[in-house]
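Asker: Enclosed is the structure file structure_1.pdb (PDB, C-alpha atoms, pLDDT in the B column).
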```
ATOM      1  CA  MET S 560       0.000   0.000   0.000  1.00 62.00           C
ATOM      2  CA  LEU S 561       2.947   2.294   0.653  1.00 61.00           C
ATOM      3  CA  ASP S 562       4.061   1.879  -2.975  1.00 66.00           C
ATOM      4  CA  VAL S 563       0.635   3.052  -4.165  1.00 63.00           C
ATOM      5  CA  LEU S 564       0.837   6.163  -1.999  1.00 64.00           C
ATOM      6  CA  VAL S 565       4.472   7.050  -2.666  1.00 63.00           C
ATOM      7  CA  ALA S 566       4.906   6.119  -6.333  1.00 66.00           C
ATOM      8  CA  GLY S 567       1.345   5.605  -7.502  1.00 80.00           C
ATOM      9  CA  ALA S 568       0.891   4.300 -11.023  1.00 85.00           C
ATOM     10  CA  ILE S 569      -2.260   2.847 -12.544  1.00 88.00           C
ATOM     11  CA  GLU S 570      -2.561   0.680 -15.630  1.00 89.00           C
ATOM     12  CA  GLY S 571      -5.170   2.680 -17.555  1.00 85.00           C
ATOM     13  CA  LEU S 572      -8.474   4.459 -17.447  1.00 86.00           C
ATOM     14  CA  PRO S 573     -10.985   3.661 -14.668  1.00 89.00           C
ATOM     15  CA  LEU S 574     -12.511   0.176 -14.874  1.00 91.00           C
ATOM     16  CA  ALA S 575     -15.888  -1.033 -13.578  1.00 95.00           C
ATOM     17  CA  SER S 576     -14.713  -4.605 -12.973  1.00 94.00           C
ATOM     18  CA  PRO S 577     -11.365  -6.171 -12.164  1.00 95.00           C
ATOM     19  CA  PRO S 578      -9.223  -7.626 -14.952  1.00 93.00           C
ATOM     20  CA  ALA S 579      -9.491 -11.405 -15.418  1.00 92.00           C
ATOM     21  CA  SER S 580      -5.795 -12.100 -14.753  1.00 92.00           C
ATOM     22  CA  PRO S 581      -4.289  -9.276 -12.692  1.00 92.00           C
ATOM     23  CA  VAL S 582      -0.556  -9.182 -12.050  1.00 91.00           C
ATOM     24  CA  VAL S 583       0.706  -8.688  -8.505  1.00 91.00           C
ATOM     25  CA  GLY S 584       1.673  -5.050  -8.031  1.00 88.00           C
ATOM     26  CA  THR S 585      -0.687  -3.569 -10.631  1.00 90.00           C
ATOM     27  CA  CYS S 586      -3.136  -0.847  -9.680  1.00 92.00           C
ATOM     28  CA  TYR S 587      -6.346   0.472 -11.192  1.00 93.00           C
ATOM     29  CA  ILE S 588      -8.874   3.221 -10.561  1.00 94.00           C
ATOM     30  CA  VAL S 589     -12.278   1.750  -9.830  1.00 95.00           C
ATOM     31  CA  ALA S 590     -15.015   3.348 -11.970  1.00 93.00           C
ATOM     32  CA  GLY S 591     -18.211   4.911 -10.632  1.00 90.00           C
ATOM     33  CA  SER S 592     -20.401   1.759 -10.788  1.00 93.00           C
ATOM     34  CA  PRO S 593     -18.110  -1.144  -9.918  1.00 94.00           C
ATOM     35  CA  THR S 594     -19.045  -4.824 -10.099  1.00 93.00           C
ATOM     36  CA  GLY S 595     -17.634  -8.122  -8.903  1.00 92.00           C
ATOM     37  CA  ALA S 596     -14.768  -8.005  -6.417  1.00 93.00           C
ATOM     38  CA  TRP S 597     -14.744  -4.211  -6.753  1.00 96.00           C
ATOM     39  CA  ALA S 598     -18.403  -3.654  -5.760  1.00 96.00           C
ATOM     40  CA  GLY S 599     -18.673  -0.961  -3.112  1.00 95.00           C
ATOM     41  CA  HIS S 600     -15.322   0.621  -3.971  1.00 96.00           C
ATOM     42  CA  ALA S 601     -16.313   3.310  -6.509  1.00 95.00           C
ATOM     43  CA  GLN S 602     -13.477   5.785  -7.233  1.00 94.00           C
ATOM     44  CA  ASP S 603     -11.059   3.848  -4.982  1.00 95.00           C
ATOM     45  CA  ILE S 604      -7.607   2.698  -6.058  1.00 94.00           C
ATOM     46  CA  ALA S 605      -7.530  -1.086  -6.431  1.00 94.00           C
ATOM     47  CA  ALA S 606      -4.088  -2.622  -5.898  1.00 92.00           C
ATOM     48  CA  TYR S 607      -3.566  -6.312  -6.599  1.00 92.00           C
ATOM     49  CA  SER S 608      -1.337  -8.119  -4.089  1.00 90.00           C
ATOM     50  CA  SER S 609      -0.445 -11.720  -3.334  1.00 89.00           C
ATOM     51  CA  GLY S 610      -3.302 -11.604  -0.813  1.00 91.00           C
ATOM     52  CA  GLY S 611      -5.855 -10.335  -3.335  1.00 92.00           C
ATOM     53  CA  TRP S 612      -7.330  -6.890  -3.939  1.00 94.00           C
ATOM     54  CA  ARG S 613      -6.508  -4.046  -1.578  1.00 93.00           C
ATOM     55  CA  PHE S 614      -8.344  -0.731  -1.788  1.00 94.00           C
ATOM     56  CA  LEU S 615      -7.339   2.823  -0.973  1.00 93.00           C
ATOM     57  CA  ALA S 616      -9.842   5.643  -0.775  1.00 93.00           C
ATOM     58  CA  PRO S 617      -8.547   8.661  -2.709  1.00 93.00           C
ATOM     59  CA  ARG S 618      -7.926  12.025  -1.088  1.00 92.00           C
ATOM     60  CA  GLU S 619      -8.381  15.436  -2.672  1.00 94.00           C
ATOM     61  CA  GLY S 620      -5.364  16.257  -4.850  1.00 91.00           C
ATOM     62  CA  MET S 621      -4.015  12.685  -5.038  1.00 91.00           C
ATOM     63  CA  ARG S 622      -2.027  12.135  -8.262  1.00 91.00           C
ATOM     64  CA  LEU S 623      -1.261   8.905 -10.071  1.00 92.00           C
ATOM     65  CA  ASP S 624       0.684   8.209 -13.262  1.00 91.00           C
ATOM     66  CA  VAL S 625      -1.256   6.366 -15.978  1.00 93.00           C
ATOM     67  CA  VAL S 626       1.219   3.782 -17.293  1.00 91.00           C
ATOM     68  CA  THR S 627      -0.529   3.076 -20.618  1.00 90.00           C
ATOM     69  CA  SER S 628      -0.807   6.717 -21.743  1.00 91.00           C
ATOM     70  CA  GLY S 629       1.799   8.687 -19.806  1.00 90.00           C
ATOM     71  CA  LYS S 630      -0.961  10.994 -18.529  1.00 92.00           C
ATOM     72  CA  THR S 631      -1.668  11.949 -14.944  1.00 92.00           C
ATOM     73  CA  ALA S 632      -4.833  11.154 -13.020  1.00 93.00           C
ATOM     74  CA  VAL S 633      -5.788  13.655 -10.304  1.00 93.00           C
ATOM     75  CA  TYR S 634      -8.581  13.188  -7.758  1.00 93.00           C
ATOM     76  CA  HIS S 635     -10.476  16.473  -7.705  1.00 92.00           C
ATOM     77  CA  SER S 636     -13.918  17.286  -6.255  1.00 92.00           C
ATOM     78  CA  GLY S 637     -14.909  13.639  -5.898  1.00 91.00           C
ATOM     79  CA  VAL S 638     -13.864  12.376  -9.349  1.00 91.00           C
ATOM     80  CA  TRP S 639     -10.708  11.296 -11.156  1.00 92.00           C
ATOM     81  CA  GLU S 640      -9.597  13.679 -13.918  1.00 92.00           C
ATOM     82  CA  VAL S 641      -7.292  11.945 -16.398  1.00 90.00           C
ATOM     83  CA  GLY S 642      -5.061  14.109 -18.567  1.00 89.00           C
ATOM     84  CA  THR S 643      -6.378  17.413 -17.231  1.00 86.00           C
ATOM     85  CA  ILE S 644      -3.919  19.985 -15.933  1.00 82.00           C
ATOM     86  CA  ASN S 645      -5.175  22.901 -13.864  1.00 82.00           C
ATOM     87  CA  GLY S 646      -3.144  26.029 -13.332  1.00 83.00           C
ATOM     88  CA  THR S 647      -2.854  29.736 -14.000  1.00 86.00           C
ATOM     89  CA  GLN S 648       0.159  29.737 -16.327  1.00 86.00           C
ATOM     90  CA  LEU S 649       2.460  27.515 -18.350  1.00 86.00           C
ATOM     91  CA  MET S 650       6.197  28.093 -18.155  1.00 86.00           C
ATOM     92  CA  VAL S 651       8.783  26.680 -20.585  1.00 86.00           C
ATOM     93  CA  ASP S 652      12.457  27.217 -19.725  1.00 88.00           C
ATOM     94  CA  GLY S 653      11.490  30.006 -17.336  1.00 87.00           C
ATOM     95  CA  LEU S 654       9.414  31.838 -19.960  1.00 85.00           C
ATOM     96  CA  LYS S 655       5.661  32.222 -19.520  1.00 84.00           C
ATOM     97  CA  VAL S 656       4.056  30.957 -22.738  1.00 83.00           C
ATOM     98  CA  VAL S 657       0.433  30.780 -21.564  1.00 85.00           C
ATOM     99  CA  GLY S 658      -1.151  32.899 -18.873  1.00 84.00           C
ATOM    100  CA  GLU S 659      -4.610  34.217 -18.119  1.00 85.00           C
ATOM    101  CA  ARG S 660      -7.203  34.099 -20.874  1.00 83.00           C
ATOM    102  CA  GLY S 661      -7.168  37.236 -22.989  1.00 83.00           C
ATOM    103  CA  LEU S 662     -10.142  39.304 -23.988  1.00 87.00           C
ATOM    104  CA  ALA S 663     -12.019  38.626 -27.202  1.00 88.00           C
ATOM    105  CA  ILE S 664     -10.420  39.842 -30.441  1.00 88.00           C
ATOM    106  CA  ALA S 665     -12.704  40.855 -33.259  1.00 88.00           C
ATOM    107  CA  ALA S 666     -12.204  39.350 -36.695  1.00 86.00           C
ATOM    108  CA  PRO S 667     -10.592  41.752 -39.168  1.00 85.00           C
ATOM    109  CA  GLY S 668     -12.975  43.961 -41.116  1.00 84.00           C
ATOM    110  CA  GLY S 669     -13.210  47.377 -42.743  1.00 84.00           C
ATOM    111  CA  GLY S 670     -10.319  49.340 -44.200  1.00 82.00           C
ATOM    112  CA  THR S 671      -9.744  50.663 -47.679  1.00 82.00           C
ATOM    113  CA  THR S 672      -7.547  47.825 -48.968  1.00 84.00           C
ATOM    114  CA  VAL S 673      -8.864  44.321 -48.357  1.00 83.00           C
ATOM    115  CA  ASP S 674      -6.463  41.389 -48.351  1.00 89.00           C
ATOM    116  CA  THR S 675      -8.790  38.387 -48.513  1.00 89.00           C
ATOM    117  CA  GLU S 676      -6.056  35.801 -47.912  1.00 90.00           C
ATOM    118  CA  GLY S 677      -4.638  37.777 -45.000  1.00 91.00           C
ATOM    119  CA  ARG S 678      -8.049  38.135 -43.383  1.00 91.00           C
ATOM    120  CA  ALA S 679      -8.741  34.426 -43.860  1.00 91.00           C
ATOM    121  CA  ALA S 680      -5.411  33.516 -42.199  1.00 92.00           C
ATOM    122  CA  ILE S 681      -6.028  35.886 -39.281  1.00 93.00           C
ATOM    123  CA  GLY S 682      -9.546  34.482 -38.925  1.00 91.00           C
ATOM    124  CA  LEU S 683      -8.155  30.940 -38.678  1.00 93.00           C
ATOM    125  CA  ILE S 684      -5.600  31.998 -36.069  1.00 93.00           C
ATOM    126  CA  LEU S 685      -8.307  33.659 -33.978  1.00 93.00           C
ATOM    127  CA  ALA S 686     -10.546  30.596 -34.306  1.00 92.00           C
ATOM    128  CA  ARG S 687      -7.761  28.336 -33.001  1.00 90.00           C
ATOM    129  CA  LEU S 688      -7.030  30.686 -30.086  1.00 89.00           C
ATOM    130  CA  ARG S 689     -10.731  30.588 -29.160  1.00 88.00           C
ATOM    131  CA  GLN S 690     -10.904  26.816 -29.614  1.00 88.00           C
ATOM    132  CA  HIS S 691      -8.037  26.344 -27.164  1.00 83.00           C
ATOM    133  CA  GLY S 692      -9.526  28.789 -24.692  1.00 83.00           C
ATOM    134  CA  LEU S 693      -6.679  31.294 -24.980  1.00 84.00           C
ATOM    135  CA  ILE S 694      -8.992  34.192 -25.877  1.00 84.00           C
ATOM    136  CA  GLU S 695     -12.656  34.771 -25.145  1.00 86.00           C
ATOM    137  CA  THR S 696     -15.210  34.230 -27.876  1.00 83.00           C
TER     138      THR S 696
END
```
Please re-express this file's structure in structure tokens.
Answerer:
Amino acid sequence: MLDVLVAGAIEGLPLASPPASPVVGTCYIVAGSPTGAWAGHAQDIAAYSSGGWRFLAPREGMRLDVVTSGKTAVYHSGVWEVGTINGTQLMVDGLKVVGERGLAIAAPGGGTTVDTEGRAAIGLILARLRQHGLIET
């Protein structure tokens, strides 16, 4: 159980029922409506040991590595979030590359000389920024 708490790693996405042939030392997140040997352990961490299944109730902020995808699972507000990162900024080599969401930017329009290709390119850039939540819509 200490291994699960200190260096927690799960095999994949949450499962509703245990695998048919678990390997000693593997761990899983139990889905919301578990069956079989996992019944009654919704959202728990199921760790398979030589003595059978052991269960740990998650705590707010608990983080586990997902072996099959390289993502992180975080227990937040009563559910496991897989692959979601929450924060206020993203830093790369000490440089802030993403911060707070910016205000909406209007699509280009007006002017005396219209560059249709330029406007189309700017429109696509703005659409992607909105799609990724970097600017308001």
Asker: Expand the PyMOL selection byres ((chain S and resi 595-612) around 8) into the explicit residue set it covers here, and present it as a list in words.
Answerer: Met560, Val563, Ala575, Ser576, Pro577, Pro581, Val582, Val583, Gly584, Thr585, Cys586, Tyr587, Ile588, Val589, Ala590, Gly591, Ser592, Pro593, Thr594, Arg613, Phe614, Leu615, Ala616, Pro617, Val638 and Trp639 of chain S
Asker: Could you tell me how far atom CA of Ala579 of chain S lies from atom CA of Val641 of chain S, in Å and to one decimal?
Answerer: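 Taking atom CA of Ala579 of chain S as the start and atom CA of Val641 of chain S as the end point, the length is 23.5 Å.
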Asker: Report the distance between atom CA of Thr696 of chain S and atom CA of His635 of chain S in Å, rounded to one decimal place.
Answerer: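 Distance between the two atoms: 27.3 Å.
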Asker: Skipping near chain neighbours, those fewer than 6 positions away, what residues fall within 12 Å of segment 685-693 of chain S using only C-alpha atoms, listed as an MDAnalysis selection string?
Answerer: chainID S and resid 647:649 656:667 678:679
Asker: Selection from above, C-alpha atoms, as a short mmCIF file (atom, residue, chain, number, x, y, z; two decimals), in the frame of the given file, can you write it?
Answerer:
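Saved file again39.cif follows:
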```cif
data_model
loop_
_atom_site.label_atom_id
_atom_site.label_comp_id
_atom_site.auth_asym_id
_atom_site.auth_seq_id
_atom_site.Cartn_x
_atom_site.Cartn_y
_atom_site.Cartn_z
CA THR S 647 -2.85 29.74 -14.00
CA GLN S 648 0.16 29.74 -16.33
CA LEU S 649 2.46 27.52 -18.35
CA VAL S 656 4.06 30.96 -22.74
CA VAL S 657 0.43 30.78 -21.56
CA GLY S 658 -1.15 32.90 -18.87
CA GLU S 659 -4.61 34.22 -18.12
CA ARG S 660 -7.20 34.10 -20.87
CA GLY S 661 -7.17 37.24 -22.99
CA LEU S 662 -10.14 39.30 -23.99
CA ALA S 663 -12.02 38.63 -27.20
CA ILE S 664 -10.42 39.84 -30.44
CA ALA S 665 -12.70 40.85 -33.26
CA ALA S 666 -12.20 39.35 -36.70
CA PRO S 667 -10.59 41.75 -39.17
CA ARG S 678 -8.05 38.14 -43.38
CA ALA S 679 -8.74 34.43 -43.86
#
```
Asker: Any chance you could work out the residue set of the PyMOL selection byres ((chain S and resi 619-633) around 9) here, as a count of residues only?
Answerer: 22
Asker: Mind completing segment 593-627 of chain S with N, CA and C atoms? Output as a CSV table (one decimal), in the frame of the given file, please?
Answerer:
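Produced file selection_3.csv, reproduced below:
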```
chain,number,residue,atom,x,y,z
S,593,PRO,N,-18.9,0.1,-9.8
S,593,PRO,CA,-18.1,-1.1,-9.9
S,593,PRO,C,-18.9,-2.4,-9.7
S,594,THR,N,-18.4,-3.5,-10.2
S,594,THR,CA,-19.0,-4.8,-10.1
S,594,THR,C,-18.0,-5.8,-9.6
S,595,GLY,N,-18.5,-7.0,-9.3
S,595,GLY,CA,-17.6,-8.1,-8.9
S,595,GLY,C,-16.9,-7.8,-7.6
S,596,ALA,N,-15.6,-8.2,-7.6
S,596,ALA,CA,-14.8,-8.0,-6.4
S,596,ALA,C,-14.6,-6.5,-6.1
S,597,TRP,N,-14.9,-5.6,-7.0
S,597,TRP,CA,-14.7,-4.2,-6.8
S,597,TRP,C,-16.0,-3.5,-6.3
S,598,ALA,N,-17.1,-4.2,-6.2
S,598,ALA,CA,-18.4,-3.7,-5.8
S,598,ALA,C,-18.2,-2.9,-4.4
S,599,GLY,N,-18.8,-1.7,-4.3
S,599,GLY,CA,-18.7,-1.0,-3.1
S,599,GLY,C,-17.4,-0.1,-3.0
S,600,HIS,N,-16.6,-0.1,-4.0
S,600,HIS,CA,-15.3,0.6,-4.0
S,600,HIS,C,-15.2,1.7,-5.1
S,601,ALA,N,-16.3,2.3,-5.4
S,601,ALA,CA,-16.3,3.3,-6.5
S,601,ALA,C,-15.3,4.4,-6.2
S,602,GLN,N,-14.5,4.7,-7.2
S,602,GLN,CA,-13.5,5.8,-7.2
S,602,GLN,C,-12.2,5.4,-6.4
S,603,ASP,N,-12.2,4.3,-5.8
S,603,ASP,CA,-11.1,3.8,-5.0
S,603,ASP,C,-9.9,3.4,-5.9
S,604,ILE,N,-8.7,3.3,-5.3
S,604,ILE,CA,-7.6,2.7,-6.1
S,604,ILE,C,-7.6,1.2,-5.7
S,605,ALA,N,-7.6,0.4,-6.7
S,605,ALA,CA,-7.5,-1.1,-6.4
S,605,ALA,C,-6.1,-1.6,-6.7
S,606,ALA,N,-5.5,-2.1,-5.7
S,606,ALA,CA,-4.1,-2.6,-5.9
S,606,ALA,C,-4.1,-4.1,-5.7
S,607,TYR,N,-3.6,-4.9,-6.7
S,607,TYR,CA,-3.6,-6.3,-6.6
S,607,TYR,C,-2.3,-6.8,-5.9
S,608,SER,N,-2.5,-7.6,-4.9
S,608,SER,CA,-1.3,-8.1,-4.1
S,608,SER,C,-1.4,-9.6,-4.0
S,609,SER,N,-0.4,-10.3,-3.5
S,609,SER,CA,-0.4,-11.7,-3.3
S,609,SER,C,-1.6,-12.2,-2.5
S,610,GLY,N,-2.2,-11.3,-1.7
S,610,GLY,CA,-3.3,-11.6,-0.8
S,610,GLY,C,-4.6,-11.2,-1.4
S,611,GLY,N,-4.6,-10.7,-2.7
S,611,GLY,CA,-5.9,-10.3,-3.3
S,611,GLY,C,-5.9,-8.8,-3.5
S,612,TRP,N,-7.1,-8.3,-3.7
S,612,TRP,CA,-7.3,-6.9,-3.9
S,612,TRP,C,-7.3,-6.1,-2.6
S,613,ARG,N,-6.6,-5.0,-2.7
S,613,ARG,CA,-6.5,-4.0,-1.6
S,613,ARG,C,-7.0,-2.7,-2.1
S,614,PHE,N,-7.7,-2.0,-1.3
S,614,PHE,CA,-8.3,-0.7,-1.8
S,614,PHE,C,-7.9,0.5,-0.9
S,615,LEU,N,-7.7,1.6,-1.6
S,615,LEU,CA,-7.3,2.8,-1.0
S,615,LEU,C,-8.4,3.9,-1.4
S,616,ALA,N,-8.9,4.5,-0.4
S,616,ALA,CA,-9.8,5.6,-0.8
S,616,ALA,C,-9.0,6.8,-1.2
S,617,PRO,N,-9.3,7.5,-2.3
S,617,PRO,CA,-8.5,8.7,-2.7
S,617,PRO,C,-8.8,9.9,-1.8
S,618,ARG,N,-7.8,10.8,-1.8
S,618,ARG,CA,-7.9,12.0,-1.1
S,618,ARG,C,-7.8,13.2,-2.1
S,619,GLU,N,-8.4,14.3,-1.8
S,619,GLU,CA,-8.4,15.4,-2.7
S,619,GLU,C,-6.9,15.8,-3.0
S,620,GLY,N,-6.7,15.9,-4.4
S,620,GLY,CA,-5.4,16.3,-4.8
S,620,GLY,C,-4.4,15.1,-5.1
S,621,MET,N,-4.9,13.9,-4.8
S,621,MET,CA,-4.0,12.7,-5.0
S,621,MET,C,-3.7,12.6,-6.5
S,622,ARG,N,-2.5,12.2,-6.9
S,622,ARG,CA,-2.0,12.1,-8.3
S,622,ARG,C,-1.4,10.8,-8.5
S,623,LEU,N,-1.8,10.2,-9.7
S,623,LEU,CA,-1.3,8.9,-10.1
S,623,LEU,C,-0.8,9.0,-11.5
S,624,ASP,N,0.3,8.3,-11.9
S,624,ASP,CA,0.7,8.2,-13.3
S,624,ASP,C,-0.1,7.1,-13.9
S,625,VAL,N,-0.5,7.4,-15.2
S,625,VAL,CA,-1.3,6.4,-16.0
S,625,VAL,C,-0.2,5.7,-16.9
S,626,VAL,N,0.1,4.5,-16.6
S,626,VAL,CA,1.2,3.8,-17.3
S,626,VAL,C,1.0,3.7,-18.8
S,627,THR,N,-0.2,3.3,-19.2
S,627,THR,CA,-0.5,3.1,-20.6
S,627,THR,C,-0.5,4.3,-21.5
```
